[in-house]
Structures are given as structure tokens and as C-alpha cells.
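Colleague: Sharing run_26.cif (mmCIF, C-alpha atoms and all ligand atoms) below.
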data_structure
#
loop_
_atom_site.label_atom_id
_atom_site.label_comp_id
_atom_site.auth_asym_id
_atom_site.auth_seq_id
_atom_site.Cartn_x
_atom_site.Cartn_y
_atom_site.Cartn_z
CA MET E 8 170.68 48.82 160.80
CA ASN E 9 172.59 50.57 158.04
CA ALA E 10 170.09 53.19 157.09
CA VAL E 11 166.84 54.68 158.17
CA ILE E 12 164.31 53.79 155.54
CA VAL E 13 161.59 56.30 154.90
CA HIS E 14 159.15 57.10 152.20
CA ALA E 15 159.78 60.62 151.05
CA GLU E 16 157.51 60.78 148.05
CA SER E 17 154.21 62.55 148.30
CA TRP E 18 151.27 60.49 149.42
CA CYS E 19 147.77 61.24 150.60
CA GLY E 20 148.13 64.75 149.26
CA ARG E 21 150.95 65.41 151.69
CA ARG E 22 154.66 65.55 151.38
CA LEU E 23 157.04 64.02 153.82
CA VAL E 24 160.34 65.74 154.25
CA MET E 25 162.86 63.97 156.38
CA ARG E 26 166.28 65.31 157.19
CA SER E 27 168.84 63.23 158.97
CA SER E 28 171.21 65.05 161.23
CA GLY E 29 172.61 61.79 162.49
CA PRO E 30 175.38 59.58 161.19
CA LEU E 31 173.14 57.26 159.17
CA PRO E 32 171.94 58.11 155.68
CA ILE E 33 168.27 58.12 154.89
CA GLU E 34 167.16 55.74 152.22
CA VAL E 35 164.01 56.46 150.30
CA VAL E 36 161.54 53.77 149.36
CA SER E 37 158.19 54.04 147.72
CA ARG E 38 155.63 51.31 147.40
CA SER E 39 151.99 51.39 148.38
CA ARG E 40 150.53 54.22 150.43
CA GLU E 41 149.68 51.97 153.39
CA GLN E 42 153.17 50.53 153.41
CA ALA E 43 154.64 54.02 153.21
CA ILE E 44 152.63 55.08 156.23
CA GLY E 45 153.80 52.09 158.21
CA VAL E 46 157.40 52.59 157.14
CA TYR E 47 157.23 56.25 157.99
CA TYR E 48 156.03 55.70 161.53
CA ARG E 49 158.48 52.89 162.16
CA ALA E 50 161.30 55.05 160.85
CA ALA E 51 160.15 58.02 162.89
CA PHE E 52 160.07 55.84 165.97
CA GLU E 53 163.56 54.55 165.35
CA ILE E 54 164.92 57.97 164.57
CA GLU E 55 163.58 59.35 167.80
CA ARG E 56 165.06 56.49 169.71
CA GLU E 57 168.42 56.05 168.09
CA ILE E 58 169.35 58.87 165.75
CA PRO E 59 168.99 62.58 166.30
CA ALA E 60 167.04 63.68 163.27
CA GLU E 61 164.50 66.21 162.33
CA ILE E 62 161.26 65.08 160.85
CA GLU E 63 159.18 67.63 159.12
CA LYS E 64 155.73 66.66 158.02
CA HIS E 65 153.54 69.09 156.16
CA GLU E 66 150.06 68.47 157.39
CA LEU E 67 147.67 70.30 155.19
CA PRO E 68 144.59 68.24 154.46
CA ASN E 69 143.71 68.53 150.80
CA VAL E 70 140.04 68.26 150.17
CA MET E 71 138.01 70.22 147.72
CA SER E 72 136.35 72.68 150.00
CA PRO E 73 133.16 71.38 151.60
CA VAL E 74 132.01 75.00 151.30
CA THR E 75 132.06 74.70 147.50
CA HIS E 76 130.13 71.43 147.69
CA PHE E 77 127.61 73.00 150.06
CA PHE E 78 126.82 75.91 147.73
CA THR E 79 126.72 73.53 144.76
CA GLY E 80 124.09 71.46 146.57
CA TRP E 81 122.13 74.57 147.50
CA VAL E 82 122.06 76.01 143.99
CA PHE E 83 121.19 72.57 142.60
CA ALA E 84 118.31 72.15 145.08
CA ASN E 85 116.99 75.56 144.08
CA CYS E 86 116.62 74.45 140.48
CA PHE E 87 113.54 72.54 141.64
CA ASP E 88 110.31 73.37 143.35
CA LEU E 89 110.84 72.01 146.85
CA GLU E 90 110.00 72.86 150.41
CA ARG E 91 112.53 73.94 153.02
CA LYS E 92 113.31 70.53 154.50
CA ASP E 93 113.79 68.90 151.09
CA ARG E 94 116.10 71.70 149.96
CA ALA E 95 118.23 71.10 153.06
CA LEU E 96 118.40 67.33 152.45
CA ILE E 97 119.58 67.79 148.86
CA THR E 98 122.12 70.44 149.89
CA LEU E 99 123.56 68.25 152.65
CA ALA E 100 123.73 65.25 150.28
CA CYS E 101 126.27 67.25 148.28
CA VAL E 102 128.52 67.62 151.35
CA ALA E 103 127.90 64.11 152.76
CA PRO E 104 130.79 62.28 151.02
CA ASP E 105 133.26 64.41 152.97
CA ILE E 106 132.07 62.97 156.29
CA ASP E 107 135.03 60.61 155.83
CA GLY E 108 137.31 63.65 156.04
CA LEU E 109 136.39 64.05 159.73
CA GLY E 110 139.09 61.46 160.42
CA ILE E 111 141.45 64.43 160.22
CA ILE E 112 140.44 65.40 163.79
CA PRO E 113 141.61 62.24 165.61
CA GLU E 114 144.61 62.04 163.27
CA LEU E 115 145.81 65.54 164.09
CA LEU E 116 145.13 65.01 167.80
CA THR E 117 147.13 61.80 167.92
CA ARG E 118 149.87 62.53 165.38
CA ASN E 119 152.57 62.97 168.00
CA SER E 120 151.50 60.02 170.10
CA THR E 121 153.02 56.56 169.98
CA HIS E 122 149.84 55.19 168.41
CA PRO E 123 148.72 57.75 165.86
CA LEU E 124 145.28 57.14 164.39
CA LEU E 125 145.66 57.38 160.62
CA TRP E 126 141.94 57.69 159.94
CA PHE E 127 142.31 60.57 157.51
CA SER E 128 145.30 59.14 155.65
CA LEU E 129 143.77 55.70 155.32
CA HIS E 130 140.08 56.41 155.00
CA HIS E 131 139.69 59.78 153.39
CA HIS E 132 137.59 59.35 150.26
CA SER E 133 136.44 55.90 151.34
CA LEU E 134 132.84 57.20 151.48
CA HIS E 135 133.05 58.65 147.98
CA SER E 136 131.24 55.59 146.67
CA LEU E 137 128.01 54.52 145.02
CA MET E 138 127.17 52.47 148.11
CA PHE E 139 127.27 55.53 150.38
CA ALA E 140 125.38 57.56 147.74
CA LEU E 141 122.52 55.06 148.01
CA VAL E 142 122.60 55.27 151.82
CA ILE E 143 122.36 59.07 151.67
CA ALA E 144 119.55 58.89 149.08
CA ALA E 145 117.67 56.46 151.34
CA ILE E 146 118.05 58.82 154.32
CA ALA E 147 116.81 61.74 152.20
CA PHE E 148 113.88 59.59 151.04
CA ALA E 149 112.99 58.73 154.63
CA PHE E 150 112.95 62.32 155.88
CA ALA E 151 111.67 64.18 152.82
CA ALA E 152 108.23 65.59 152.19
CA GLN E 153 108.39 64.74 148.48
CA LYS E 154 110.09 61.38 148.97
CA TRP E 155 110.91 60.10 145.48
CA LYS E 156 111.80 63.49 144.06
CA THR E 157 114.06 64.43 146.98
CA GLY E 158 115.62 60.96 147.24
CA LEU E 159 116.58 60.98 143.56
CA LEU E 160 117.80 64.57 143.66
CA ALA E 161 119.91 63.75 146.75
CA LEU E 162 121.46 60.89 144.77
CA LEU E 163 122.29 63.31 141.96
CA SER E 164 123.55 65.93 144.39
CA PHE E 165 125.93 63.36 145.92
CA HIS E 166 127.26 62.64 142.44
CA LEU E 167 127.79 66.34 141.79
CA HIS E 168 130.22 66.23 144.72
CA LEU E 169 132.10 63.30 143.17
CA PHE E 170 132.19 65.14 139.85
CA GLU E 171 133.63 68.26 141.49
CA ASP E 172 136.26 66.19 143.30
CA MET E 173 137.21 64.60 139.99
CA LEU E 174 137.59 68.02 138.43
CA GLY E 175 139.72 69.82 140.91
CA SER E 176 141.02 68.47 144.18
CA ARG E 177 144.61 67.70 143.32
CA GLY E 178 146.94 68.47 146.20
CA PRO E 179 149.67 71.11 145.91
CA ASP E 180 152.22 68.30 145.54
CA GLY E 181 150.34 66.72 142.65
CA TYR E 182 148.60 63.91 144.51
CA GLN E 183 145.22 63.13 142.96
CA TRP E 184 142.53 61.66 145.14
CA PRO E 185 141.11 58.63 143.40
CA ILE E 186 137.38 57.96 143.77
CA PRO E 187 136.71 54.41 145.06
CA TYR E 188 133.28 54.46 143.40
CA LEU E 189 132.59 50.73 143.60
CA ALA E 190 133.95 50.17 147.12
CA PRO E 191 133.66 47.88 149.01
CA PHE E 192 132.77 45.50 146.15
CA SER E 193 135.62 46.43 143.86
CA SER E 194 138.96 48.11 144.40
CA GLN E 195 138.64 49.93 141.08
CA GLN E 196 139.37 53.63 141.59
CA TYR E 197 138.64 56.52 139.28
CA ILE E 198 140.67 59.53 138.46
CA TRP E 199 140.71 62.20 135.78
CA ARG E 200 144.20 62.98 134.58
CA GLY E 201 143.35 66.58 133.77
CA GLN E 202 142.38 67.25 137.39
CA TRP E 203 143.39 70.72 138.47
CA GLY E 204 144.72 71.78 141.84
CA LEU E 205 142.64 72.36 144.92
CA ASN E 206 143.71 75.98 145.06
CA ALA E 207 143.60 76.54 141.31
CA TRP E 208 141.65 79.49 139.95
CA PRO E 209 138.71 77.44 138.59
CA ASN E 210 137.84 76.35 142.14
CA VAL E 211 137.98 79.91 143.39
CA LEU E 212 135.89 81.08 140.44
CA ILE E 213 133.31 78.32 140.89
CA THR E 214 132.99 79.09 144.61
CA ILE E 215 132.57 82.84 144.04
CA ALA E 216 130.02 82.21 141.28
CA LEU E 217 128.02 79.84 143.51
CA LEU E 218 128.10 82.36 146.34
CA LEU E 219 126.81 85.13 144.05
CA VAL E 220 124.02 82.89 142.74
CA THR E 221 123.13 82.01 146.36
CA LEU E 222 122.90 85.70 147.28
CA TRP E 223 120.88 86.45 144.15
CA LEU E 224 118.49 83.57 144.99
CA ALA E 225 118.11 84.93 148.52
CA TRP E 226 117.33 88.40 147.18
CA ARG E 227 114.92 87.08 144.58
CA ARG E 228 113.14 84.28 146.46
CA GLY E 229 113.39 85.45 150.04
CA TYR E 230 115.38 82.60 151.57
CA SER E 231 119.01 81.51 151.85
CA PRO E 232 120.91 78.52 153.32
CA LEU E 233 120.61 80.27 156.69
CA GLU E 234 117.03 78.96 156.79
CA MET E 235 118.56 75.62 157.84
CA VAL E 236 119.76 77.07 161.13
CA SER E 237 117.70 80.15 161.91
CA ALA E 238 114.63 81.65 160.26
CA ARG E 239 115.44 84.95 161.93
CA ALA E 240 119.00 85.12 160.60
CA ASP E 241 117.69 84.14 157.19
CA GLY E 242 115.11 86.92 157.29
CA SER E 243 117.76 89.45 158.34
CA LEU E 244 120.03 88.50 155.45
CA VAL E 245 117.22 88.75 152.90
CA ALA E 246 116.09 92.10 154.34
CA ALA E 247 119.67 93.44 154.23
CA LEU E 248 120.12 92.31 150.63
CA ARG E 249 116.83 93.87 149.56
CA ARG E 250 117.67 97.11 151.34
CA ARG E 251 121.07 97.25 149.66
CA PHE E 252 119.72 96.33 146.23
CA PRO E 253 116.15 97.61 146.03
CA ALA E 254 114.11 96.05 143.25
CA ARG E 255 113.13 98.35 140.42
CA THR E 256 109.96 96.36 139.96
CA ALA E 257 108.16 94.39 142.63
CA VAL E 258 109.53 90.90 143.11
ZN ZN S 301 135.06 64.96 148.52
#
In C-alpha cells, how does this file's structure come out?

Modeller:
Amino acid sequence: MNAVIVHAESWCGRRLVMRSSGPLPIEVVSRSREQAIGVYYRAAFEIEREIPAEIEKHELPNVMSPVTHFFTGWVFANCFDLERKDRALITLACVAPDIDGLGIIPELLTRNSTHPLLWFSLHHHSLHSLMFALVIAAIAFAFAAQKWKTGLLALLSFHLHLFEDMLGSRGPDGYQWPIPYLAPFSSQQYIWRGQWGLNAWPNVLITIALLLVTLWLAWRRGYSPLEMVSARADGSLVAALRRRFPARTAV
């Protein structure tokens, strides 16, 4: 072997930095993401075995915050006259696509093992598809009080998530998550070139605005997303808000 071959370009919203402290130079190759992952782990394995080298891997998962999606879903649900359970279903539909991001847990746990599970790297965004949107809408339909209304709104809410991801979930290293909207029937992926960064100011602004609207809704209507977990906590929040900002006229 004349060189250790690694992929040192950014992929999956991460950047690989490899420094060789051994006698062999490091050669950089870049093809598909899957190949890069395979090459990286093979190279890492060989480096550990044969060449003293330092491998530095920045491991920050880049997903548009599920918190932003959650508040988007909540504010969206509150645009309609719905009961508590249906509001929750529509709100959760807006977070649902990111279930595929849970692969980060086994990946982080196994990253230093000999058989790392690349569930996040390989499958993140794989549920950002029309197929999964229909599954979520069907689940919402099944559990809702107002079935058709909630099912359709859950479908829309899911798409709001995809729209937000299109707008601003670019990683700090410039990687843009494509949306595999037609998976598994087509490998066509969608991306918007103007996509801004995950930590860019519009995301922060959107999240703060959604939070303020959520608090205003709680103050005005007497319920907040806390109603999903505890009626008592929800009541306490509303009472605190109304104490802090007493209404000039009865609400
Ligand atoms: Zn997402």
C-alpha cells in the first residue's frame, strides 16, 4: 500500500479531517457518499493497525431543529378549530419526518467500535418522503376525532416540515440535505440552491417568532403545547402568563 486513501471532503453535513503522522501520505478521493463512508472506515481501520495517525471527525448532526418544526406544527394546528387530540396529531406530524434522525443514537454509541452502525449517515432524511407523509396522515386519520380534517391537515403539516428543511438546514460546511420526496419509487432528490445554514439568523428568528406566537396563543386561548403531557402544567403556564400580562379587557 502506497498511501492511505480517505475521503476528506464534507459529506452528510460533516467534515472529515484526517492528519497522517506516519510515513505514508494521505490521498484524498471523493465519489459517492456511501463509498466515502466505506473508504473512510477502511482507511481508519488500516491507519489504526499500521500507521500511527490521528483521525479527527467532527460529529455534529445537522438537522433543522425539531423544536422549530414542533412549534410550526403547533401554530399551524391552532389556525383551525380542533380539539386537543387533533391539535396534538397535527403538531406531531410536523416533527415526524425527523424520526429518521434517531439513527444518530446507535451511530454515536457505536462510532468507535469495529462495526459502527451508520444509520444516521446513511438513512437520515430517508423518511422525508411523500410515502411516509401518507403513512403519518393515515395514522392521524385513524386516531383523530375529526378524521378527514385532521388527516389532511397532518399531511399538510408534514409538508411544512419538508418546506422548512428545504429553506434552511444547510450544514456549517455547506452540505445541503436533499429531500428524497419520491423514495422508494424514485431516486430523484430535491434541493433548493438558496438554502441557508442551519444556524443562520432566519432560523433563529423563525423559532423565536413561533415561540412568541405559542405564548400569545396560550395567554389568549388558555392552552399551550404542554396540554399534550400535563393538563396541570399547562394550566400553570397559562395562569403565570395571565398574571404577568393581565388583560385590559376580559378575554
Ligand atoms: Zn427534517

Colleague: When the cut-off is 8 Å and you count all atoms listed in the file, which residues lie near ligand ZN 301 (chain S), shown as a ChimeraX atom specification?

Modeller: /E:70-73,102,104-105,108,132,135,168-169,171-172

Colleague: Write the selection just made, keeping C-alpha atoms, as a short mmCIF file (atom, residue, chain, number, x, y, z; two decimals), in the frame of the given file?

Modeller:
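Saved the output as out.cif:
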data_model
loop_
_atom_site.label_atom_id
_atom_site.label_comp_id
_atom_site.auth_asym_id
_atom_site.auth_seq_id
_atom_site.Cartn_x
_atom_site.Cartn_y
_atom_site.Cartn_z
CA VAL E 70 140.04 68.26 150.17
CA MET E 71 138.01 70.22 147.72
CA SER E 72 136.35 72.68 150.00
CA PRO E 73 133.16 71.38 151.60
CA VAL E 102 128.52 67.62 151.35
CA PRO E 104 130.79 62.28 151.02
CA ASP E 105 133.26 64.41 152.97
CA GLY E 108 137.31 63.65 156.04
CA HIS E 132 137.59 59.35 150.26
CA HIS E 135 133.05 58.65 147.98
CA HIS E 168 130.22 66.23 144.72
CA LEU E 169 132.10 63.30 143.17
CA GLU E 171 133.63 68.26 141.49
CA ASP E 172 136.26 66.19 143.30
#

Colleague: Smallest atom-to-atom distance to Gln202 in chain E: which of E:Leu174, E:Met235, E:Val74, E:Leu109, using all atoms listed in the file?

Modeller: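 Looking at the shortest contact to Gln202 in chain E, the residue is E:Leu174.
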
Colleague: Please, what distance in Å, to one decimal, runs between CA of Asp88 in chain E and CA of Ala144 in chain E?

Modeller: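 If I compute the distance from CA of Asp88 in chain E to CA of Ala144 in chain E, I get 18.1 Å.
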
Colleague: Between CA of Arg94 in chain E and CA of Thr214 in chain E, what is the distance in Å, rounded to a tenth?

Modeller: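 According to the coordinates, CA of Arg94 in chain E and CA of Thr214 in chain E are separated by 19.2 Å.
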
Colleague: Show me, as a compact mmCIF listing (two decimals) with C-alpha atoms, keeping the file's coordinate frame, the residues that have an atom within 9 Å of Ile198 in chain E when counting all atoms listed in the file, minus same-chain residues fewer than 5 positions from it.

Modeller:
# COMPACT_ATOMS: atom_id res chain seq x y z
CA MET E 173 137.21 64.60 139.99
CA GLN E 183 145.22 63.13 142.96
CA TRP E 184 142.53 61.66 145.14
CA PRO E 185 141.11 58.63 143.40
CA ILE E 186 137.38 57.96 143.77

Colleague: My list of candidates is E:Arg249, E:Glu114, E:Ser136, E:Leu212. Which is closest to Leu224 in chain E when distances are computed with all atoms listed in the file?

Modeller: E:Arg249

Colleague: What's the separation between CA of Trp208 in chain E and CA of Leu99 in chain E, in Å to one decimal place?

Modeller: 24.8 Å

Colleague: When you count all atoms listed in the file, which of these residues is closest to Ala151 in chain E: E:Cys86, E:Ala238, E:Ala254, E:Ile97?

Modeller: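 Of all the options, E:Ile97 lies closest to Ala151 in chain E.
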
Colleague: Between E:Arg250, E:His122, E:His166, E:Arg227, which has the minimum distance to Phe83 in chain E (counting only C-alpha atoms)?

Modeller: E:His166

Colleague: Env of Ala246 in chain E: 10 Å cut, atoms = all atoms listed in the file, seq-sep filter 6 positions within chain, self excluded. Answer as a list in words.

Modeller: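 These residues fall inside the cut-off: Ala225, Trp226, Gly229, Tyr230, Ala240, Phe252 and Pro253 of chain E.
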
Colleague: Given the block above, output range 71-83 of chain E with N, CA and C atoms as a PDB file, in the first residue's frame.

Modeller:
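Full text of part17.pdb as output:
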ATOM      1  N   MET E  71     -32.374  20.602  10.831  1.00  0.00           N
ATOM      2  CA  MET E  71     -33.110  21.777  11.255  1.00  0.00           C
ATOM      3  C   MET E  71     -33.817  21.382  12.529  1.00  0.00           C
ATOM      4  N   SER E  72     -33.751  22.225  13.500  1.00  0.00           N
ATOM      5  CA  SER E  72     -34.172  21.844  14.833  1.00  0.00           C
ATOM      6  C   SER E  72     -35.596  21.283  14.871  1.00  0.00           C
ATOM      7  N   PRO E  73     -35.746  20.090  15.430  1.00  0.00           N
ATOM      8  CA  PRO E  73     -37.098  19.545  15.610  1.00  0.00           C
ATOM      9  C   PRO E  73     -37.964  20.477  16.455  1.00  0.00           C
ATOM     10  N   VAL E  74     -37.301  21.307  17.268  1.00  0.00           N
ATOM     11  CA  VAL E  74     -38.056  22.268  18.096  1.00  0.00           C
ATOM     12  C   VAL E  74     -38.784  23.269  17.192  1.00  0.00           C
ATOM     13  N   THR E  75     -38.082  23.735  16.169  1.00  0.00           N
ATOM     14  CA  THR E  75     -38.712  24.670  15.216  1.00  0.00           C
ATOM     15  C   THR E  75     -39.895  23.998  14.520  1.00  0.00           C
ATOM     16  N   HIS E  76     -39.688  22.752  14.100  1.00  0.00           N
ATOM     17  CA  HIS E  76     -40.776  22.028  13.430  1.00  0.00           C
ATOM     18  C   HIS E  76     -41.964  21.841  14.377  1.00  0.00           C
ATOM     19  N   PHE E  77     -41.662  21.556  15.630  1.00  0.00           N
ATOM     20  CA  PHE E  77     -42.720  21.325  16.609  1.00  0.00           C
ATOM     21  C   PHE E  77     -43.597  22.578  16.752  1.00  0.00           C
ATOM     22  N   PHE E  78     -42.952  23.725  16.940  1.00  0.00           N
ATOM     23  CA  PHE E  78     -43.735  24.958  17.117  1.00  0.00           C
ATOM     24  C   PHE E  78     -44.449  25.365  15.828  1.00  0.00           C
ATOM     25  N   THR E  79     -43.842  25.026  14.693  1.00  0.00           N
ATOM     26  CA  THR E  79     -44.522  25.284  13.413  1.00  0.00           C
ATOM     27  C   THR E  79     -45.827  24.488  13.367  1.00  0.00           C
ATOM     28  N   GLY E  80     -45.724  23.200  13.708  1.00  0.00           N
ATOM     29  CA  GLY E  80     -46.905  22.334  13.704  1.00  0.00           C
ATOM     30  C   GLY E  80     -47.972  22.829  14.670  1.00  0.00           C
ATOM     31  N   TRP E  81     -47.518  23.304  15.831  1.00  0.00           N
ATOM     32  CA  TRP E  81     -48.462  23.772  16.848  1.00  0.00           C
ATOM     33  C   TRP E  81     -49.209  25.026  16.379  1.00  0.00           C
ATOM     34  N   VAL E  82     -48.447  25.979  15.854  1.00  0.00           N
ATOM     35  CA  VAL E  82     -49.077  27.226  15.386  1.00  0.00           C
ATOM     36  C   VAL E  82     -50.008  26.915  14.207  1.00  0.00           C
ATOM     37  N   PHE E  83     -49.572  26.027  13.330  1.00  0.00           N
ATOM     38  CA  PHE E  83     -50.398  25.634  12.184  1.00  0.00           C
ATOM     39  C   PHE E  83     -51.705  24.994  12.671  1.00  0.00           C
TER      40      PHE E  83
END
